[in-house]
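Content type mmCIF, C-alpha atoms, from the file my_file_0.cif:
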```
data_start
#
loop_
_atom_site.label_atom_id
_atom_site.label_comp_id
_atom_site.auth_asym_id
_atom_site.auth_seq_id
_atom_site.Cartn_x
_atom_site.Cartn_y
_atom_site.Cartn_z
CA MET A 1 22.52 -32.82 -21.14
CA SER A 2 22.79 -30.05 -18.56
CA GLY A 3 21.56 -30.77 -15.05
CA ALA A 4 20.70 -27.13 -14.45
CA SER A 5 17.04 -26.42 -13.77
CA GLN A 6 15.20 -24.42 -16.40
CA ALA A 7 14.26 -20.85 -15.47
CA PRO A 8 10.53 -20.37 -14.88
CA THR A 9 8.50 -18.68 -17.59
CA TYR A 10 5.28 -16.71 -17.40
CA PRO A 11 3.25 -19.54 -18.98
CA ASP A 12 4.66 -21.79 -16.24
CA LEU A 13 3.37 -19.34 -13.64
CA VAL A 14 -0.09 -19.14 -15.20
CA ARG A 15 -0.26 -22.93 -15.46
CA ASP A 16 0.68 -23.25 -11.77
CA LEU A 17 -2.03 -20.78 -10.74
CA ALA A 18 -4.58 -22.70 -12.80
CA ASP A 19 -3.46 -26.04 -11.35
CA ARG A 20 -3.99 -24.58 -7.86
CA GLY A 21 -7.56 -23.66 -8.76
CA LEU A 22 -6.89 -19.91 -8.68
CA LEU A 23 -7.62 -19.28 -12.37
CA THR A 24 -10.81 -20.65 -13.81
CA GLY A 25 -12.61 -20.10 -17.08
CA ARG A 26 -12.07 -16.69 -18.62
CA TRP A 27 -9.47 -15.54 -16.09
CA ARG A 28 -6.89 -18.05 -17.28
CA GLN A 29 -7.17 -16.66 -20.80
CA VAL A 30 -6.88 -13.12 -19.40
CA PHE A 31 -3.71 -13.91 -17.43
CA GLU A 32 -2.17 -15.65 -20.44
CA ALA A 33 -2.78 -12.52 -22.53
CA VAL A 34 -1.18 -10.09 -20.06
CA PRO A 35 2.48 -10.91 -19.28
CA ARG A 36 3.50 -9.65 -15.86
CA SER A 37 6.91 -8.58 -17.15
CA ARG A 38 5.36 -5.67 -19.09
CA PHE A 39 4.43 -4.02 -15.80
CA VAL A 40 7.60 -4.53 -13.76
CA PRO A 41 10.34 -1.89 -14.05
CA ALA A 42 14.02 -2.75 -14.45
CA GLU A 43 14.97 -1.66 -10.91
CA VAL A 44 13.25 -3.91 -8.39
CA TRP A 45 13.86 -5.54 -5.01
CA ARG A 46 13.02 -8.86 -3.41
CA GLN A 47 11.39 -8.61 0.01
CA LEU A 48 13.27 -10.53 2.68
CA PRO A 49 12.05 -10.89 6.30
CA ASP A 50 14.14 -7.95 7.50
CA ARG A 51 15.09 -5.94 4.42
CA CYS A 52 14.67 -5.39 0.69
CA GLU A 53 17.39 -6.90 -1.48
CA PRO A 54 18.17 -5.43 -4.93
CA VAL A 55 17.65 -7.82 -7.81
CA VAL A 56 20.73 -7.76 -10.04
CA GLY A 57 20.90 -9.16 -13.55
CA THR A 58 18.36 -10.07 -16.21
CA ASP A 59 18.15 -13.74 -15.24
CA ALA A 60 17.43 -12.92 -11.59
CA TRP A 61 14.88 -10.29 -12.65
CA LEU A 62 13.06 -12.73 -14.92
CA ALA A 63 13.12 -15.48 -12.29
CA LEU A 64 11.47 -13.17 -9.76
CA VAL A 65 8.94 -11.72 -12.19
CA ASN A 66 7.87 -15.20 -13.33
CA SER A 67 7.48 -16.52 -9.77
CA ASP A 68 4.57 -16.29 -7.39
CA GLU A 69 6.29 -13.65 -5.28
CA PRO A 70 5.71 -9.94 -4.75
CA VAL A 71 8.13 -7.68 -6.61
CA VAL A 72 9.02 -4.51 -4.73
CA THR A 73 9.06 -1.60 -7.17
CA GLN A 74 9.57 1.39 -4.85
CA LEU A 75 11.34 2.10 -1.56
CA ASP A 76 10.60 4.89 0.92
CA ASP A 77 7.90 6.51 -1.25
CA GLY A 78 10.61 7.18 -3.84
CA ALA A 79 12.76 9.34 -1.53
CA GLU A 80 16.54 9.05 -1.69
CA GLY A 81 18.58 7.87 1.30
CA GLY A 82 15.69 6.34 3.23
CA PRO A 83 15.71 3.22 5.43
CA GLY A 84 14.80 0.96 2.52
CA VAL A 85 11.17 0.16 3.38
CA ALA A 86 9.01 -1.22 0.57
CA THR A 87 6.23 1.24 -0.36
CA SER A 88 4.98 -0.04 -3.72
CA SER A 89 5.02 -3.41 -5.42
CA ASN A 90 3.68 -5.71 -8.07
CA SER A 91 1.68 -8.08 -5.88
CA MET A 92 1.88 -11.88 -5.73
CA PRO A 93 0.07 -13.24 -8.79
CA SER A 94 -1.79 -15.73 -6.59
CA MET A 95 -3.11 -12.84 -4.47
CA VAL A 96 -4.17 -10.98 -7.62
CA ALA A 97 -5.90 -14.09 -8.96
CA ARG A 98 -7.73 -14.62 -5.67
CA MET A 99 -8.95 -11.03 -5.53
CA LEU A 100 -10.12 -10.99 -9.14
CA GLY A 101 -11.91 -14.29 -8.63
CA LEU A 102 -13.73 -12.88 -5.60
CA LEU A 103 -14.64 -9.78 -7.59
CA ASP A 104 -16.89 -11.96 -9.78
CA VAL A 105 -17.00 -9.55 -12.71
CA GLU A 106 -19.42 -10.01 -15.59
CA ASP A 107 -19.44 -8.62 -19.11
CA GLY A 108 -20.51 -5.01 -19.29
CA GLN A 109 -19.76 -4.16 -15.66
CA ARG A 110 -17.81 -1.06 -14.61
CA ALA A 111 -14.87 -1.64 -12.26
CA LEU A 112 -12.93 0.76 -10.05
CA GLU A 113 -9.46 -0.08 -8.74
CA ILE A 114 -7.99 1.74 -5.74
CA GLY A 115 -4.20 1.72 -6.07
CA THR A 116 -3.03 1.47 -9.69
CA GLY A 117 0.52 0.53 -8.68
CA THR A 118 2.36 -0.90 -11.67
CA GLY A 119 -0.81 -1.14 -13.77
CA TYR A 120 -0.84 -4.95 -13.92
CA VAL A 121 -4.28 -5.39 -12.32
CA SER A 122 -5.70 -2.59 -14.46
CA ALA A 123 -4.43 -4.40 -17.56
CA LEU A 124 -6.02 -7.67 -16.46
CA LEU A 125 -9.33 -5.89 -15.90
CA CYS A 126 -9.06 -4.20 -19.30
CA GLU A 127 -8.43 -7.54 -20.96
CA ARG A 128 -11.49 -8.94 -19.23
CA LEU A 129 -13.95 -6.03 -19.48
CA GLY A 130 -12.60 -3.58 -22.05
CA ASP A 131 -10.72 -0.32 -21.50
CA ASP A 132 -13.75 1.94 -21.20
CA LEU A 133 -15.21 -0.01 -18.26
CA VAL A 134 -12.05 0.12 -16.12
CA HIS A 135 -11.15 3.01 -13.80
CA SER A 136 -8.08 3.17 -11.56
CA VAL A 137 -6.76 5.78 -9.14
CA GLU A 138 -3.23 6.15 -7.75
CA LEU A 139 -2.00 8.64 -5.15
CA ASP A 140 1.70 8.71 -6.08
CA PRO A 141 2.13 10.76 -9.29
CA VAL A 142 5.42 9.08 -10.23
CA VAL A 143 3.94 5.59 -9.80
CA ALA A 144 0.83 6.70 -11.70
CA ARG A 145 2.87 8.02 -14.64
CA GLN A 146 4.92 4.81 -14.87
CA ALA A 147 1.73 2.73 -14.80
CA ALA A 148 0.13 4.85 -17.52
CA GLU A 149 3.19 4.41 -19.73
CA ALA A 150 3.30 0.65 -19.18
CA LEU A 151 -0.41 0.31 -19.90
CA ALA A 152 -0.18 2.35 -23.10
CA GLN A 153 2.81 0.36 -24.34
CA ALA A 154 0.87 -2.85 -23.68
CA GLY A 155 -2.10 -1.50 -25.65
CA TYR A 156 -4.48 -0.71 -22.76
CA ARG A 157 -6.11 2.64 -22.04
CA PRO A 158 -8.27 2.48 -18.91
CA HIS A 159 -9.52 5.65 -17.23
CA LEU A 160 -6.70 6.71 -14.91
CA ARG A 161 -6.63 9.36 -12.20
CA VAL A 162 -3.99 10.69 -9.82
CA GLY A 163 -5.56 11.32 -6.45
CA ASP A 164 -6.64 9.98 -3.07
CA GLY A 165 -8.44 6.70 -3.60
CA GLU A 166 -10.27 7.12 -0.30
CA GLN A 167 -12.18 10.05 -1.74
CA PRO A 168 -14.94 9.82 -4.37
CA TRP A 169 -13.95 10.10 -8.02
CA PRO A 170 -15.71 13.27 -9.25
CA GLY A 171 -18.22 12.56 -11.97
CA LEU A 172 -17.55 8.84 -12.07
CA GLY A 173 -20.99 7.73 -10.96
CA LEU A 174 -21.71 4.29 -9.56
CA VAL A 175 -19.62 1.26 -10.46
CA ASP A 176 -20.50 -2.43 -10.27
CA ARG A 177 -17.24 -3.66 -8.76
CA LEU A 178 -14.55 -2.05 -6.58
CA ILE A 179 -11.19 -3.63 -5.83
CA ALA A 180 -8.67 -2.12 -3.40
CA THR A 181 -5.18 -3.37 -4.22
CA CYS A 182 -3.72 -1.49 -1.27
CA ALA A 183 -4.45 -2.50 2.31
CA VAL A 184 -6.84 -0.44 4.44
CA ARG A 185 -7.26 -0.38 8.22
CA TYR A 186 -10.99 0.09 7.72
CA VAL A 187 -13.25 0.17 4.68
CA PRO A 188 -14.08 3.86 4.12
CA HIS A 189 -17.80 4.42 3.74
CA THR A 190 -16.96 6.97 1.04
CA LEU A 191 -15.86 4.05 -1.15
CA LEU A 192 -19.16 2.26 -0.65
CA ARG A 193 -20.97 5.30 -1.97
CA GLN A 194 -19.21 4.73 -5.32
CA VAL A 195 -20.72 1.24 -5.70
CA ARG A 196 -24.27 0.51 -6.81
CA PRO A 197 -26.60 -1.51 -4.54
CA GLY A 198 -25.86 -5.16 -5.18
CA GLY A 199 -22.30 -4.38 -6.26
CA LEU A 200 -19.21 -5.99 -4.75
CA VAL A 201 -16.17 -4.62 -2.92
CA VAL A 202 -13.04 -6.75 -2.50
CA ALA A 203 -10.31 -5.39 -0.26
CA SER A 204 -7.37 -6.38 1.91
CA LEU A 205 -8.13 -5.27 5.45
CA ALA A 206 -5.11 -4.81 7.75
CA ARG A 207 -6.11 -4.29 11.37
CA GLU A 208 -3.72 -3.76 14.26
CA PHE A 209 -3.82 -7.26 15.75
CA TRP A 210 -3.42 -9.07 12.42
CA SER A 211 -1.42 -8.49 9.29
CA GLY A 212 -4.23 -8.76 6.79
CA ALA A 213 -7.31 -10.57 5.55
CA MET A 214 -9.31 -10.47 2.35
CA VAL A 215 -12.90 -9.33 2.70
CA ARG A 216 -15.71 -9.51 0.12
CA LEU A 217 -18.58 -7.11 0.75
CA ARG A 218 -21.90 -6.72 -1.02
CA VAL A 219 -23.37 -3.21 -0.95
CA GLN A 220 -26.94 -3.07 0.36
CA ASP A 221 -29.82 -0.81 -0.69
CA ASP A 222 -29.28 1.36 2.41
CA GLY A 223 -25.60 1.98 1.56
CA THR A 224 -24.16 -0.43 4.11
CA ALA A 225 -22.03 -3.41 3.07
CA VAL A 226 -21.84 -6.91 4.49
CA GLY A 227 -19.71 -9.91 3.65
CA PRO A 228 -17.30 -12.65 4.74
CA PHE A 229 -13.57 -12.77 5.24
CA CYS A 230 -11.91 -14.90 2.57
CA GLY A 231 -8.48 -15.86 3.86
CA GLY A 232 -5.29 -14.01 4.62
CA ALA A 233 -3.72 -11.38 2.38
CA THR A 234 -1.32 -8.53 2.95
CA TYR A 235 -0.82 -5.61 0.58
CA MET A 236 1.06 -2.34 0.77
CA PRO A 237 -1.00 -0.06 3.02
CA MET A 238 -2.89 2.92 1.69
CA ARG A 239 -0.73 5.84 2.74
CA ALA A 240 -3.44 7.48 4.82
CA HIS A 241 -3.91 4.16 6.66
CA ARG A 242 -0.32 3.61 7.74
CA VAL A 243 0.34 3.31 11.48
CA PRO A 244 3.53 2.68 13.49
CA ASP A 245 4.12 -1.00 14.16
CA LEU A 246 3.94 -0.68 17.95
CA HIS A 247 3.02 1.87 20.62
CA ASP A 248 5.43 3.39 23.10
CA VAL A 249 5.84 1.15 26.14
CA GLN A 250 5.51 2.18 29.80
CA GLY A 251 7.23 1.00 32.98
CA LYS A 252 9.65 -1.78 33.87
CA GLY A 253 9.47 -5.34 32.64
CA ARG A 254 8.20 -8.22 34.78
CA ALA A 255 8.38 -11.89 33.88
CA ARG A 256 6.01 -14.83 34.31
CA ALA A 257 5.36 -18.17 32.68
CA ALA A 258 3.45 -17.96 29.41
CA GLY A 259 0.28 -20.00 29.50
CA LEU A 260 -0.20 -19.77 25.75
CA ASP A 261 2.09 -20.63 22.84
CA PRO A 262 2.49 -17.31 20.96
CA ALA A 263 2.24 -19.19 17.65
CA ARG A 264 -1.49 -19.58 18.35
CA LEU A 265 -1.93 -15.82 18.14
CA LEU A 266 -1.09 -15.97 14.45
CA ASP A 267 -4.05 -18.17 13.51
CA LEU A 268 -6.21 -15.91 11.35
CA GLY A 269 -9.44 -17.01 12.98
CA PHE A 270 -8.13 -16.13 16.42
CA ALA A 271 -6.60 -12.90 15.15
CA LEU A 272 -9.97 -11.75 13.77
CA PHE A 273 -11.65 -12.62 17.06
CA ALA A 274 -8.97 -11.03 19.25
CA GLY A 275 -8.78 -7.93 17.09
CA ALA A 276 -12.47 -7.31 17.73
CA ARG A 277 -12.27 -8.14 21.45
CA LEU A 278 -9.10 -6.11 22.05
CA PRO A 279 -9.33 -3.06 19.79
CA GLY A 280 -6.19 -0.96 19.68
CA VAL A 281 -3.84 -3.82 20.61
CA ARG A 282 -1.05 -4.08 18.04
CA LEU A 283 0.86 -7.27 17.28
CA ILE A 284 3.94 -8.04 15.22
CA HIS A 285 5.91 -11.26 15.03
CA LYS A 286 8.94 -12.97 13.54
CA GLY A 287 10.19 -16.53 13.33
CA ALA A 288 12.26 -17.74 16.29
CA GLY A 289 13.87 -21.17 15.85
CA GLU A 290 11.09 -23.76 15.72
CA GLY A 291 8.48 -21.23 16.84
CA VAL A 292 7.74 -17.52 16.79
CA GLN A 293 8.35 -14.41 18.85
CA VAL A 294 5.59 -11.86 19.27
CA TRP A 295 5.34 -8.31 20.54
CA VAL A 296 2.01 -6.79 21.56
CA THR A 297 1.35 -3.23 22.71
CA ARG A 298 -1.55 -0.91 23.52
CA GLU A 299 -1.70 2.87 23.49
CA ASP A 300 -1.90 3.09 27.32
CA GLY A 301 1.71 1.81 27.41
CA ALA A 302 0.93 -1.82 28.22
CA ALA A 303 3.06 -4.37 26.37
CA ALA A 304 4.12 -8.00 26.35
CA THR A 305 6.66 -10.06 24.46
CA THR A 306 7.42 -13.77 24.44
CA ALA A 307 8.71 -16.54 22.21
CA THR A 308 7.71 -20.17 21.87
CA GLY A 309 8.91 -22.10 24.92
CA GLU A 310 9.99 -18.99 26.83
CA GLU A 311 8.55 -16.87 29.62
CA VAL A 312 6.57 -13.75 28.86
CA TRP A 313 7.75 -10.25 29.78
CA GLN A 314 5.08 -7.65 30.48
CA TYR A 315 5.35 -3.89 30.76
CA GLY A 316 3.21 -0.97 31.78
CA PRO A 317 -0.27 -0.88 33.31
CA GLY A 318 -2.52 -3.88 33.64
CA PHE A 319 -1.82 -7.42 32.47
CA LEU A 320 -1.97 -7.42 28.70
CA TRP A 321 -0.82 -11.01 28.26
CA GLU A 322 -3.47 -12.27 30.69
CA GLU A 323 -6.09 -10.38 28.66
CA ILE A 324 -4.88 -12.11 25.51
CA GLU A 325 -4.97 -15.49 27.24
CA GLN A 326 -8.52 -14.78 28.40
CA VAL A 327 -9.59 -13.95 24.85
CA TRP A 328 -7.95 -17.20 23.66
CA TRP A 329 -10.10 -19.21 26.07
CA GLU A 330 -13.17 -17.36 24.82
CA TYR A 331 -12.14 -18.34 21.29
CA GLU A 332 -11.72 -21.94 22.47
CA THR A 333 -15.23 -21.83 23.94
CA GLU A 334 -16.55 -20.76 20.53
CA GLY A 335 -14.98 -23.90 19.05
CA ARG A 336 -11.92 -22.24 17.48
CA PRO A 337 -13.86 -21.08 14.41
CA ASP A 338 -11.93 -20.79 11.16
CA ALA A 339 -11.41 -17.40 9.56
CA ASP A 340 -14.11 -18.03 6.97
CA ARG A 341 -16.73 -18.08 9.74
CA PHE A 342 -16.09 -14.38 10.37
CA GLY A 343 -17.41 -11.42 8.43
CA LEU A 344 -17.62 -7.65 8.36
CA THR A 345 -20.39 -5.07 8.31
CA VAL A 346 -19.57 -1.51 7.23
CA THR A 347 -21.93 1.43 7.83
CA ASP A 348 -21.55 5.20 7.91
CA ARG A 349 -20.83 4.81 11.65
CA GLY A 350 -17.91 2.40 11.29
CA GLN A 351 -17.32 -1.32 10.89
CA GLN A 352 -18.03 -4.40 13.00
CA VAL A 353 -16.56 -7.90 12.86
CA TRP A 354 -19.07 -10.69 13.37
CA LEU A 355 -18.95 -14.44 13.86
CA ARG A 356 -21.12 -16.86 11.84
CA ASP A 357 -23.88 -14.33 11.16
CA PRO A 358 -24.08 -10.52 10.85
CA SER A 359 -26.17 -10.49 14.02
CA GLY A 360 -23.30 -12.09 15.97
CA VAL A 361 -21.24 -8.92 16.36
CA ILE A 362 -18.09 -9.41 18.45
CA ARG A 363 -18.02 -6.70 21.10
CA SER A 364 -14.88 -5.21 22.61
CA SER A 365 -13.89 -6.60 25.98
CA PRO A 366 -15.10 -4.27 28.77
CA GLY A 367 -12.75 -2.89 31.41
CA MET A 368 -9.51 -3.65 29.58
CA GLY A 369 -6.72 -1.18 29.02
CA ARG A 370 -7.19 1.48 31.71
CA MET A 371 -4.93 4.46 31.09
CA THR A 372 -2.11 5.41 33.49
CA SER A 373 0.78 7.85 33.30
CA GLN A 374 4.30 6.40 33.38
CA PRO A 375 7.58 7.21 31.62
CA ALA A 376 7.66 5.89 28.06
CA HIS A 377 10.36 3.75 26.47
CA ARG A 378 10.54 1.05 23.85
CA ILE A 379 11.05 -2.67 24.21
CA LYS A 380 14.53 -3.54 23.03
CA SER A 381 15.12 -5.54 19.86
CA MET A 382 11.74 -4.93 18.27
CA PRO A 383 11.93 -5.92 14.57
CA ARG A 384 10.81 -3.75 11.73
CA LYS A 385 7.54 -5.19 10.46
CA PRO A 386 8.16 -7.15 7.26
CA TYR A 387 6.10 -6.98 4.11
CA LEU A 388 4.22 -10.24 4.35
CA LYS A 389 3.16 -12.13 1.24
CA GLY A 390 -0.22 -13.30 2.44
CA THR A 391 -1.50 -16.81 3.10
#
```
Just dump the structure as structure tokens.
Amino acid sequence: MSGASQAPTYPDLVRDLADRGLLTGRWRQVFEAVPRSRFVPAEVWRQLPDRCEPVVGTDAWLALVNSDEPVVTQLDDGAEGGPGVATSSNSMPSMVARMLGLLDVEDGQRALEIGTGTGYVSALLCERLGDDLVHSVELDPVVARQAAEALAQAGYRPHLRVGDGEQPWPGLGLVDRLIATCAVRYVPHTLLRQVRPGGLVVASLAREFWSGAMVRLRVQDDGTAVGPFCGGATYMPMRAHRVPDLHDVQGKGRARAAGLDPARLLDLGFALFAGARLPGVRLIHKGAGEGVQVWVTREDGAAATTATGEEVWQYGPGFLWEEIEQVWWEYETEGRPDADRFGLTVTDRGQQVWLRDPSGVIRSSPGMGRMTSQPAHRIKSMPRKPYLKGT
């Protein structure tokens, strides 16, 4: 008898998702009926922390497709000779299952998907609701064509459109459910206007201080939307919502002892709190031995970088690291609330993060980040931001 481990299969993957409580009732049957492999092209990449690695060979392809990992399906928006940055993917099945569970669809409801991608989520929705009740929009015409072909070959014919998902779908009318399978920096109010009062919006929100969180919003009679955050999740960003990882940095570096382990900045609860208190501050991180290294910047040129157990280096105007430490102690005073204690309100004037109750809006910290004029440069050895898989 061979001692080699058996390659994972799609039924194994579905069974694992169900055992983890991510597929209940009807959704397990839906996932079983829609093999992921039908929506993954032959040329794909695996996302590593610092690069995308081509997947070579049928066995390796199947192993990746039948695992709970994202499958990168496009680099550099399809351009030749680029740096090799992932720009489209077939998302982690566990992330897809979580989002669809939060969407809470019922028979007869119309659903709109922003970001068709490979067509896998559209197919799952078609299997659950029926083709005529599913609408999906994709900006990239090449990606959209490939998705349409995969869907047709699998026997699904949802309503598909090539266009900007941030803009209303002409003539569509109101839908009951909206799911954004690309990350947004803010929830566009134009999307809310496509959803009936009482309808639900599920999206991955990627703000500057944190890599991503799932949010579930219910549209109100007045057109606003309110709802809780529901754990971490990172998707490919909507193209119009892409931003550079970090700002340009001003001035010379100066060192001091770090009064805060940078690993604490990565707690999603704190990241939601700090992102509201320190708007415009960007953070990226990578693993560093037993801890992490972080880089934070602000558009006035202020910056700081440190790693677990090391001193912090600060640049530019003000004292950005001290501001972050101050916000940490505020978070401590609040009792270190978990991410699920936070929520979001979206109106035609913007969006606000709140704690515990929609009336508990977290205000930006006053007096932080005064602008000055100094020569710009960049901190050395800043990593390219990886495509994170979500938590």
Give me the residues near Ala147 of chain A as a list in words, where near means some atom within 7 Å (using only C-alpha atoms) and where sequence neighbours in that chain fewer than 2 positions away do not count.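 Contacts, with the query itself left out: Gly117, Thr118, Gly119, Val143, Ala144, Arg145, Glu149, Ala150 and Leu151 of chain A.
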Kindly provide the residues of segment 161-214 of chain A that approach segment 122-139 of chain A to within 12 Å, each paired with its closest atom pair and their distance in Å to one decimal, based on only C-alpha atoms, listed by chain and increasing number, as a Markdown table.
```
| residue | atom | partner | partner_atom | distance |
| --- | --- | --- | --- | --- |
| A:Arg161 | CA | A:Val137 | CA | 4.7 |
| A:Val162 | CA | A:Glu138 | CA | 5.0 |
| A:Gly163 | CA | A:Leu139 | CA | 4.6 |
| A:Asp164 | CA | A:Leu139 | CA | 5.3 |
| A:Gly165 | CA | A:Val137 | CA | 5.9 |
| A:Glu166 | CA | A:Val137 | CA | 9.6 |
| A:Gln167 | CA | A:Val137 | CA | 10.1 |
| A:Pro168 | CA | A:Val137 | CA | 10.3 |
| A:Trp169 | CA | A:Val137 | CA | 8.5 |
| A:Pro170 | CA | A:Val137 | CA | 11.7 |
| A:Leu172 | CA | A:His135 | CA | 8.8 |
| A:Gly173 | CA | A:His135 | CA | 11.3 |
| A:Leu174 | CA | A:His135 | CA | 11.5 |
| A:Val175 | CA | A:Leu133 | CA | 9.0 |
| A:Asp176 | CA | A:Leu133 | CA | 9.9 |
| A:Arg177 | CA | A:Val134 | CA | 9.8 |
| A:Leu178 | CA | A:His135 | CA | 9.4 |
| A:Ile179 | CA | A:Ser136 | CA | 9.4 |
| A:Ala180 | CA | A:Ser136 | CA | 9.7 |
| A:Thr181 | CA | A:Ser136 | CA | 10.2 |
| A:Cys182 | CA | A:Glu138 | CA | 10.0 |
| A:Gln194 | CA | A:His135 | CA | 11.8 |
```
Could you pull out every residue with an atom within 9 Å of (-7.9, -9.5, -8.0), file coordinates, counting only C-alpha atoms, and send them as a list in words?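 Protein and nucleic acid residues near the point are Pro93, Ser94, Met95, Val96, Ala97, Arg98, Met99, Leu100, Gly101, Leu102, Leu103, Val121, Leu124, Leu125, Ile179, Ala180, Thr181 and Val202 of chain A.
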Any chance you could resolve the PyMOL selection byres ((chain A and resi 311) around 6) against this file and give the residues as a CSV table (one decimal) with C-alpha atoms, in the frame of the given file?
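Now in selection-v1.csv:
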```csv
chain,number,residue,atom,x,y,z
A,256,ARG,CA,6.0,-14.8,34.3
A,257,ALA,CA,5.4,-18.2,32.7
A,258,ALA,CA,3.4,-18.0,29.4
A,310,GLU,CA,10.0,-19.0,26.8
A,312,VAL,CA,6.6,-13.8,28.9
```
For the file shown, what are the residues hit by the PyMOL selection byres ((chain A and resi 37) around 12), laid out as a PyMOL selection string? chain A and resi 9-11+13+31-36+38-42+44+58+61-67+71+90+93+118-120+150-151+154
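Rounded to one decimal, atom CA of Gly171 of chain A and atom CA of Leu192 of chain A lie 15.3 Å from each other.
Note that atom CA of Ala274 of chain A and atom CA of Thr297 of chain A are 13.4 Å apart.
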Please, which residues in segment 231-343 of chain A fall within 6 Å of segment 347-362 of chain A when counting all atoms listed in the file, and what is the closest atom pair and distance in Å to one decimal for each, ordered by chain then residue number, as a Markdown table?
```
| residue | atom | partner | partner_atom | distance |
| --- | --- | --- | --- | --- |
| A:Arg341 | CA | A:Arg356 | CA | 5.0 |
| A:Phe342 | CA | A:Leu355 | CA | 4.5 |
| A:Gly343 | CA | A:Trp354 | CA | 5.3 |
```
Which one of A:Cys230, A:Leu265, A:Val142, A:Met236 sits closest to Trp210 of chain A if you count all atoms listed in the file?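 Looking only at the distances to Trp210 of chain A, the closest residue turns out to be A:Leu265.
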One decimal, Å: what's the distance from atom CA of Gly280 of chain A over to atom CA of Arg185 of chain A, could you say?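 Distance reported for this atom pair: 11.5 Å.
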With a distance cut-off of 12 Å and only C-alpha atoms, select the neighbouring residues of segment 81-84 of chain A, excluding the residue or stretch itself and same-chain residues fewer than 4 positions from it, and output the selection as an mmCIF file with C-alpha atoms, keeping the file's coordinate frame.
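Okay, out-v5.cif is ready:
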```cif
data_model
loop_
_atom_site.group_PDB
_atom_site.id
_atom_site.type_symbol
_atom_site.label_atom_id
_atom_site.label_comp_id
_atom_site.auth_asym_id
_atom_site.auth_seq_id
_atom_site.Cartn_x
_atom_site.Cartn_y
_atom_site.Cartn_z
ATOM 1 C CA TRP A 45 13.860 -5.540 -5.010
ATOM 2 C CA ARG A 46 13.020 -8.860 -3.410
ATOM 3 C CA GLN A 47 11.390 -8.610 0.010
ATOM 4 C CA LEU A 48 13.270 -10.530 2.680
ATOM 5 C CA ASP A 50 14.140 -7.950 7.500
ATOM 6 C CA ARG A 51 15.090 -5.940 4.420
ATOM 7 C CA CYS A 52 14.670 -5.390 0.690
ATOM 8 C CA GLU A 53 17.390 -6.900 -1.480
ATOM 9 C CA PRO A 54 18.170 -5.430 -4.930
ATOM 10 C CA VAL A 72 9.020 -4.510 -4.730
ATOM 11 C CA THR A 73 9.060 -1.600 -7.170
ATOM 12 C CA GLN A 74 9.570 1.390 -4.850
ATOM 13 C CA LEU A 75 11.340 2.100 -1.560
ATOM 14 C CA ASP A 76 10.600 4.890 0.920
ATOM 15 C CA ASP A 77 7.900 6.510 -1.250
ATOM 16 C CA SER A 88 4.980 -0.040 -3.720
ATOM 17 C CA ARG A 384 10.810 -3.750 11.730
ATOM 18 C CA PRO A 386 8.160 -7.150 7.260
ATOM 19 C CA TYR A 387 6.100 -6.980 4.110
#
```
Out of A:Ala276, A:Val281, A:Ala263, A:Leu200, which residue has the shortest atom-to-atom distance to Arg110 of chain A when counting only C-alpha atoms? A:Leu200
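The environment of Leu266 of chain A within 10 Å, counting all atoms listed in the file and disregarding residues fewer than 4 places along the same chain, consists of Phe209, Trp210, Ser211, Pro262, Phe270, Ala271, Leu272, Leu283, Ile284, His285, Val292 and Val294 of chain A.
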Output file for the residues above (C-alpha atoms, as a JSON list (two decimals), in the frame of the given file):
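Output file out36.json follows:
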```json
[["chain", "number", "residue", "atom", "x", "y", "z"],
["A", 209, "PHE", "CA", -3.82, -7.26, 15.75],
["A", 210, "TRP", "CA", -3.42, -9.07, 12.42],
["A", 211, "SER", "CA", -1.42, -8.49, 9.29],
["A", 262, "PRO", "CA", 2.49, -17.31, 20.96],
["A", 270, "PHE", "CA", -8.13, -16.13, 16.42],
["A", 271, "ALA", "CA", -6.60, -12.90, 15.15],
["A", 272, "LEU", "CA", -9.97, -11.75, 13.77],
["A", 283, "LEU", "CA", 0.86, -7.27, 17.28],
["A", 284, "ILE", "CA", 3.94, -8.04, 15.22],
["A", 285, "HIS", "CA", 5.91, -11.26, 15.03],
["A", 292, "VAL", "CA", 7.74, -17.52, 16.79],
["A", 294, "VAL", "CA", 5.59, -11.86, 19.27]]
```
